[in-house]
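See below for start.cif, which holds mmCIF, C-alpha atoms and all ligand atoms.
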```
data_upload
#
loop_
_atom_site.group_PDB
_atom_site.id
_atom_site.type_symbol
_atom_site.label_atom_id
_atom_site.label_comp_id
_atom_site.auth_asym_id
_atom_site.auth_seq_id
_atom_site.Cartn_x
_atom_site.Cartn_y
_atom_site.Cartn_z
ATOM 1 C CA MET A 167 0.000 0.000 0.000
ATOM 2 C CA THR A 168 1.242 3.470 -0.903
ATOM 3 C CA THR A 169 0.698 6.412 1.416
ATOM 4 C CA GLY A 170 1.411 10.148 1.210
ATOM 5 C CA ALA A 171 0.338 12.193 -1.797
ATOM 6 C CA LEU A 172 -2.033 10.431 -4.165
ATOM 7 C CA PRO A 173 -0.383 9.674 -7.544
ATOM 8 C CA LYS A 174 -1.960 11.514 -10.484
ATOM 9 C CA THR A 175 -1.766 8.811 -13.132
ATOM 10 C CA VAL A 176 -1.987 5.076 -12.599
ATOM 11 C CA GLU A 177 -2.101 2.023 -14.831
ATOM 12 C CA VAL A 178 -5.248 0.733 -13.261
ATOM 13 C CA ARG A 179 -5.361 -2.628 -15.115
ATOM 14 C CA THR A 180 -1.806 -3.438 -14.055
ATOM 15 C CA LEU A 181 -2.640 -2.518 -10.463
ATOM 16 C CA ALA A 182 -5.819 -4.630 -10.572
ATOM 17 C CA ALA A 183 -3.945 -7.645 -11.944
ATOM 18 C CA ARG A 184 -1.563 -7.338 -8.989
ATOM 19 C CA GLU A 185 -4.356 -6.566 -6.466
ATOM 20 C CA VAL A 186 -2.742 -3.301 -5.366
ATOM 21 C CA THR A 187 -4.376 -0.785 -3.035
ATOM 22 C CA ILE A 188 -3.254 2.829 -3.332
ATOM 23 C CA SER A 189 -4.039 5.375 -0.669
ATOM 24 C CA GLY A 190 -3.043 8.992 -0.347
ATOM 25 C CA SER A 191 -4.192 12.526 0.260
ATOM 26 C CA LEU A 192 -5.379 14.932 -2.410
ATOM 27 C CA PRO A 193 -5.573 18.698 -1.772
ATOM 28 C CA VAL A 194 -8.557 20.532 -3.253
ATOM 29 C CA ASP A 195 -6.317 22.901 -5.252
ATOM 30 C CA ARG A 196 -5.620 19.918 -7.528
ATOM 31 C CA LEU A 197 -9.342 19.785 -8.363
ATOM 32 C CA PRO A 198 -10.210 22.925 -10.364
ATOM 33 C CA ARG A 199 -13.843 22.036 -11.204
ATOM 34 C CA LEU A 200 -14.664 21.284 -7.579
ATOM 35 C CA SER A 201 -12.834 24.385 -6.303
ATOM 36 C CA GLY A 202 -15.281 26.623 -8.170
ATOM 37 C CA LEU A 203 -18.293 25.094 -6.394
ATOM 38 C CA ILE A 204 -17.181 25.236 -2.776
ATOM 39 C CA VAL A 205 -16.217 27.892 -0.225
ATOM 40 C CA SER A 206 -13.283 26.105 1.397
ATOM 41 C CA VAL A 207 -11.821 22.794 2.490
ATOM 42 C CA SER A 208 -9.998 22.537 5.801
ATOM 43 C CA ARG A 209 -7.852 19.521 4.920
ATOM 44 C CA PRO A 210 -6.994 17.311 1.922
ATOM 45 C CA PHE A 211 -9.281 14.464 0.910
ATOM 46 C CA ASP A 212 -8.284 10.968 1.987
ATOM 47 C CA VAL A 213 -8.451 8.605 -0.983
ATOM 48 C CA VAL A 214 -8.234 4.804 -1.009
ATOM 49 C CA ALA A 215 -8.239 3.037 -4.381
ATOM 50 C CA ARG A 216 -8.469 -0.743 -4.125
ATOM 51 C CA CYS A 217 -7.676 -2.434 -7.442
ATOM 52 C CA PHE A 218 -8.532 -6.081 -8.041
ATOM 53 C CA LYS A 219 -9.998 -8.591 -10.515
ATOM 54 C CA ASP A 220 -13.477 -9.891 -9.834
ATOM 55 C CA GLU A 221 -14.627 -13.517 -10.232
ATOM 56 C CA GLU A 222 -15.343 -12.889 -13.939
ATOM 57 C CA ALA A 223 -11.871 -11.414 -14.512
ATOM 58 C CA ARG A 224 -13.065 -7.824 -14.797
ATOM 59 C CA TYR A 225 -10.642 -5.138 -13.665
ATOM 60 C CA VAL A 226 -12.284 -3.359 -10.761
ATOM 61 C CA LEU A 227 -11.446 -0.146 -8.939
ATOM 62 C CA GLU A 228 -13.164 0.412 -5.605
ATOM 63 C CA LEU A 229 -12.705 4.083 -4.811
ATOM 64 C CA ARG A 230 -13.343 5.702 -1.445
ATOM 65 C CA VAL A 231 -13.003 9.452 -0.880
ATOM 66 C CA CYS A 232 -13.377 10.912 2.632
ATOM 67 C CA GLY A 233 -13.199 14.455 3.942
ATOM 68 C CA ALA A 234 -15.423 17.499 4.291
ATOM 69 C CA VAL A 235 -16.155 20.585 2.211
ATOM 70 C CA ASP A 236 -17.645 23.948 3.110
ATOM 71 C CA VAL A 237 -20.273 25.132 0.623
ATOM 72 C CA ALA A 238 -22.646 28.120 0.696
ATOM 73 C CA CYS A 239 -25.940 27.436 2.494
ATOM 74 C CA GLN A 240 -28.727 28.196 0.003
ATOM 75 C CA ARG A 241 -30.870 29.864 2.719
ATOM 76 C CA CYS A 242 -28.427 32.198 4.481
ATOM 77 C CA LEU A 243 -25.408 32.045 2.090
ATOM 78 C CA THR A 244 -22.894 31.489 4.910
ATOM 79 C CA PRO A 245 -20.696 28.358 4.814
ATOM 80 C CA VAL A 246 -22.171 24.990 5.766
ATOM 81 C CA THR A 247 -19.941 21.923 6.172
ATOM 82 C CA VAL A 248 -20.871 18.844 4.134
ATOM 83 C CA PRO A 249 -19.157 15.612 5.248
ATOM 84 C CA VAL A 250 -17.840 13.520 2.371
ATOM 85 C CA ASP A 251 -17.705 9.720 2.390
ATOM 86 C CA ALA A 252 -18.072 8.634 -1.217
ATOM 87 C CA LEU A 253 -17.667 4.975 -2.158
ATOM 88 C CA SER A 254 -17.879 3.762 -5.745
ATOM 89 C CA CYS A 255 -17.232 0.470 -7.439
ATOM 90 C CA LEU A 256 -15.947 0.965 -10.980
ATOM 91 C CA ALA A 257 -15.301 -1.648 -13.639
ATOM 92 C CA VAL A 258 -12.463 -0.720 -15.986
ATOM 93 C CA VAL A 259 -13.348 -1.042 -19.692
ATOM 94 C CA TRP A 260 -11.922 0.145 -23.007
ATOM 95 C CA THR A 261 -15.113 1.121 -24.859
ATOM 96 C CA ASP A 262 -18.662 2.403 -24.339
ATOM 97 C CA ASP A 263 -19.973 -0.918 -25.763
ATOM 98 C CA GLN A 264 -18.194 -2.817 -23.011
ATOM 99 C CA ALA A 265 -19.538 -0.299 -20.477
ATOM 100 C CA ALA A 266 -23.103 -1.053 -21.603
ATOM 101 C CA GLN A 267 -22.593 -4.788 -20.905
ATOM 102 C CA LEU A 268 -21.604 -4.353 -17.252
ATOM 103 C CA PRO A 269 -23.713 -5.702 -14.380
ATOM 104 C CA ILE A 270 -25.687 -2.992 -12.623
ATOM 105 C CA ARG A 271 -23.500 -3.115 -9.507
ATOM 106 C CA TYR A 272 -20.635 -1.472 -11.410
ATOM 107 C CA GLU A 273 -20.149 2.056 -12.624
ATOM 108 C CA PRO A 274 -18.255 1.960 -15.921
ATOM 109 C CA LEU A 275 -14.800 3.480 -16.050
ATOM 110 C CA VAL A 276 -13.837 3.861 -19.695
ATOM 111 C CA THR A 277 -10.103 4.471 -19.841
ATOM 112 C CA GLU A 278 -6.961 3.913 -21.854
ATOM 113 C CA ALA A 279 -3.937 2.286 -20.226
ATOM 114 C CA GLU A 280 -3.229 5.342 -18.060
ATOM 115 C CA LEU A 281 -5.935 6.689 -15.794
ATOM 116 C CA ASP A 282 -5.985 10.236 -14.374
ATOM 117 C CA LEU A 283 -6.791 9.370 -10.757
ATOM 118 C CA TRP A 284 -7.140 13.012 -9.625
ATOM 119 C CA GLN A 285 -9.736 13.657 -12.321
ATOM 120 C CA LEU A 286 -11.610 10.497 -11.370
ATOM 121 C CA VAL A 287 -11.703 11.535 -7.696
ATOM 122 C CA GLU A 288 -12.992 14.962 -8.744
ATOM 123 C CA GLU A 289 -15.780 13.410 -10.833
ATOM 124 C CA GLU A 290 -16.820 11.163 -7.952
ATOM 125 C CA LEU A 291 -16.899 14.178 -5.596
ATOM 126 C CA LEU A 292 -19.030 16.172 -8.073
ATOM 127 C CA LEU A 293 -21.490 13.245 -8.235
ATOM 128 C CA PHE A 294 -21.511 12.862 -4.452
ATOM 129 C CA LEU A 295 -22.142 16.454 -3.392
ATOM 130 C CA PRO A 296 -25.793 17.560 -3.255
ATOM 131 C CA SER A 297 -26.874 20.282 -5.702
ATOM 132 C CA TYR A 298 -28.134 22.451 -2.850
ATOM 133 C CA SER A 299 -26.948 22.407 0.774
ATOM 134 C CA TYR A 300 -28.551 23.933 3.852
ATOM 135 C CA HIS A 301 -27.786 24.336 7.556
ATOM 136 C CA GLY A 302 -30.010 22.548 10.060
ATOM 137 C CA ASP A 303 -32.917 24.708 11.283
ATOM 138 C CA THR A 304 -31.250 25.598 14.582
ATOM 139 C CA GLU A 305 -27.975 26.605 12.930
ATOM 140 C CA CYS A 306 -29.138 28.384 9.809
ATOM 141 C CA GLY A 307 -28.588 32.129 9.804
ATOM 142 C CA ARG A 308 -26.715 32.124 13.101
ATOM 143 C CA GLN A 309 -23.899 34.123 11.610
ATOM 144 C CA VAL A 310 -26.272 36.879 10.403
ATOM 145 C CA GLY A 311 -28.233 37.052 13.695
ATOM 146 C CA LEU A 312 -31.455 35.299 12.600
ATOM 147 C CA ALA A 313 -31.142 32.447 15.121
ATOM 148 C CA VAL A 314 -31.552 34.901 18.033
ATOM 149 C CA GLN A 315 -34.930 35.986 16.638
ATOM 150 C CA GLY A 316 -35.928 32.352 16.260
ATOM 151 C CA ASP A 317 -35.116 31.648 19.915
ATOM 152 C CA ASP A 318 -37.201 34.666 21.053
ATOM 153 C CA LEU A 319 -40.206 33.419 19.085
ATOM 154 C CA SER A 320 -40.060 29.978 20.673
ATOM 155 C CA VAL A 321 -39.979 31.553 24.171
ATOM 156 C CA ASP A 322 -43.003 33.741 23.278
ATOM 157 C CA ARG A 323 -44.956 30.709 22.114
ATOM 158 C CA ARG A 324 -44.387 28.978 25.436
ATOM 159 C CA ILE A 325 -45.538 32.012 27.465
ATOM 160 C CA ASP A 326 -48.674 32.445 25.333
ATOM 161 C CA GLY A 327 -49.499 28.733 25.442
ATOM 162 C CA PRO A 328 -53.152 27.869 26.240
ATOM 163 C CA GLU A 329 -52.356 26.656 29.792
ATOM 164 C CA LYS A 330 -51.082 30.078 30.769
ATOM 165 C CA GLN A 331 -54.004 32.128 29.443
ATOM 166 C CA ASN A 332 -56.954 33.123 31.568
ATOM 167 C CA PRO A 333 -60.029 31.579 29.865
ATOM 168 C CA PHE A 334 -62.124 34.711 30.686
ATOM 169 C CA ASP A 335 -59.637 36.837 28.755
ATOM 170 C CA ILE A 336 -60.205 34.599 25.714
ATOM 171 C CA LEU A 337 -64.024 34.987 26.049
ATOM 172 C CA ALA A 338 -63.666 38.733 26.417
ATOM 173 C CA SER A 339 -61.601 38.936 23.276
ATOM 174 C CA LEU A 340 -64.107 36.814 21.296
ATOM 175 C CA LYS A 341 -67.262 38.631 22.397
ATOM 176 C CA PRO A 342 -66.940 41.842 20.364
ATOM 177 C CA ASP A 343 -66.440 39.773 17.194
ATOM 178 C CA ASP A 344 -69.575 37.698 17.941
ATOM 179 C CA GLN A 345 -71.630 40.851 18.444
ATOM 180 C CA GLY A 346 -70.270 42.233 15.232
ATOM 181 C CA LEU A 347 -71.426 39.128 13.359
ATOM 182 C CA ASN A 348 -74.922 39.233 14.960
ATOM 183 C CA THR A 349 -75.639 42.806 13.904
ATOM 184 C CA LYS A 350 -74.942 42.079 10.257
HETATM 185 ZN ZN ZN A 401 -27.931 28.600 6.490
#
```
So, in terms of structure tokens, how does the structure I just supplied come out?
Ligand SMILES: [Zn+2]
Amino acid sequence: MTTGALPKTVEVRTLAAREVTISGSLPVDRLPRLSGLIVSVSRPFDVVARCFKDEEARYVLELRVCGAVDVACQRCLTPVTVPVDALSCLAVVWTDDQAAQLPIRYEPLVTEAELDLWQLVEEELLLFLPSYSYHGDTECGRQVGLAVQGDDLSVDRRIDGPEKQNPFDILASLKPDDQGLNTK
């Protein structure tokens, strides 16, 4: 097993024939398409690529990418952290025709002898991340002061709850409306 920085290009069929697992870290500045979609990343992604041949002699790459990205919350536009744990099982093929023949459990990976592993990780991350991300209700807007208002409202609701109201006050407030209806 290799550790440290993730290699950029690999001969994935050769690795699969030898049952090699590669692991390494990949900083986001190596991933230009992803960089444009996110606010920040605190640490590099951890990548594990397990290469092997399955029982029908297909070359298989099981790819796992872990980490976390900060993206803009679509409600309050401040950063929200999205944990990343993306696992994919890819069968290595030469042509689109071969890709169409694969069992459903595999994603096709159409590649020449050399595979750009960084680009593959980026594509898997783009597939994994949701199109729109939001904070949880109690966290959203905290950084622009909206959560304080939300807390005040919940306190008000408790004070004005039915148990705490004098039933005669409720009757008194209903009576003028009833009279108004009767005179019409
Ligand atoms: Zn938010």
**Message:** I need the output of the PyMOL selection byres (((not hetatm)) within 7 of (chain A and resi 401)) for this file as JSON, numbers by chain; which residues are they?
**Reply:** {"A": [239, 240, 241, 242, 243, 244, 246, 300, 301, 305, 306, 307]}
**Prompt:** Which residues come within 6 Å of segment 218-234 of chain A, counting all atoms listed in the file, excluding same-chain residues fewer than 5 positions away, as a PyMOL selection string?
**Reply:** chain A and resi 182+185+211-213+248-258
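The residues returned by the PyMOL selection byres (((chain A and resi 205) around 6) and not hetatm) on the shown structure are Ile204, Ser206, Asp236 and Val237 of chain A.
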Using all atoms listed in the file, I'd like a table of the residues in segment 225-263 of chain A that come within 8 Å of segment 276-279 of chain A; for each, show the closest atom pair and its distance in Å rounded to one decimal, ordered by chain and ascending number, as a tab-separated table.
```
residue	atom	partner	partner_atom	distance
A:Val258	CA	A:Val276	CA	6.1
A:Val259	CA	A:Val276	CA	4.9
A:Trp260	CA	A:Val276	CA	5.3
A:Thr261	CA	A:Val276	CA	6.0
A:Asp262	CA	A:Val276	CA	6.9
```
What's the 7 Å shell around Pro210 of chain A, counting all atoms listed in the file, without same-chain residues fewer than 6 positions away, as a PDB file with C-alpha atoms, in the coordinates of the input?
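Okay, part25.pdb is ready:
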```
ATOM      1  CA  SER A 191      -4.192  12.526   0.260  1.00  0.00           C
ATOM      2  CA  LEU A 192      -5.379  14.932  -2.410  1.00  0.00           C
ATOM      3  CA  PRO A 193      -5.573  18.698  -1.772  1.00  0.00           C
ATOM      4  CA  VAL A 194      -8.557  20.532  -3.253  1.00  0.00           C
TER       5      VAL A 194
END
```
**Request:** Name the residues in contact with Lys174 of chain A at a cut-off of 7 Å, using all atoms listed in the file, excluding same-chain residues fewer than 2 positions from it; report them as a list in words.
**Result:**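 Neighbouring residues, sequence-local ones excluded: Leu172, Val176, Asp282, Leu283 and Trp284 of chain A.
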**Message:** With distances taken over all atoms listed in the file, which residue among A:Arg271, A:Thr304, A:Val235, A:Ala265 lies nearest Ser201 of chain A?
**Reply:** A:Val235
**Request:** Can you work out which one of A:Ala266, A:Pro173, A:Leu200, A:Gly190 has the shortest atom-to-atom distance to Phe294 of chain A, counting only C-alpha atoms?
**Result:**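 Closest candidate: A:Leu200.
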**Message:** What's the separation between atom CA of Ala238 of chain A and atom CA of Ser297 of chain A, in Å to one decimal place?
**Reply:**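 It comes out at 11.0 Å.
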**Asked** Suppose you want the space between atom CA of Thr187 of chain A and atom CA of Ala215 of chain A; what is it in Å?
**Response** 5.6 Å
**d(atom CA of Gln264 of chain A, atom CA of Arg179 of chain A) in Å** =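 Answer for the atom CA of Gln264 of chain A to atom CA of Arg179 of chain A separation: 15.1 Å.
Among A:Leu197, A:Val287, A:Thr180, A:Glu280, the residue with the shortest atom-to-atom distance to Val214 of chain A, counting only C-alpha atoms, is A:Val287.
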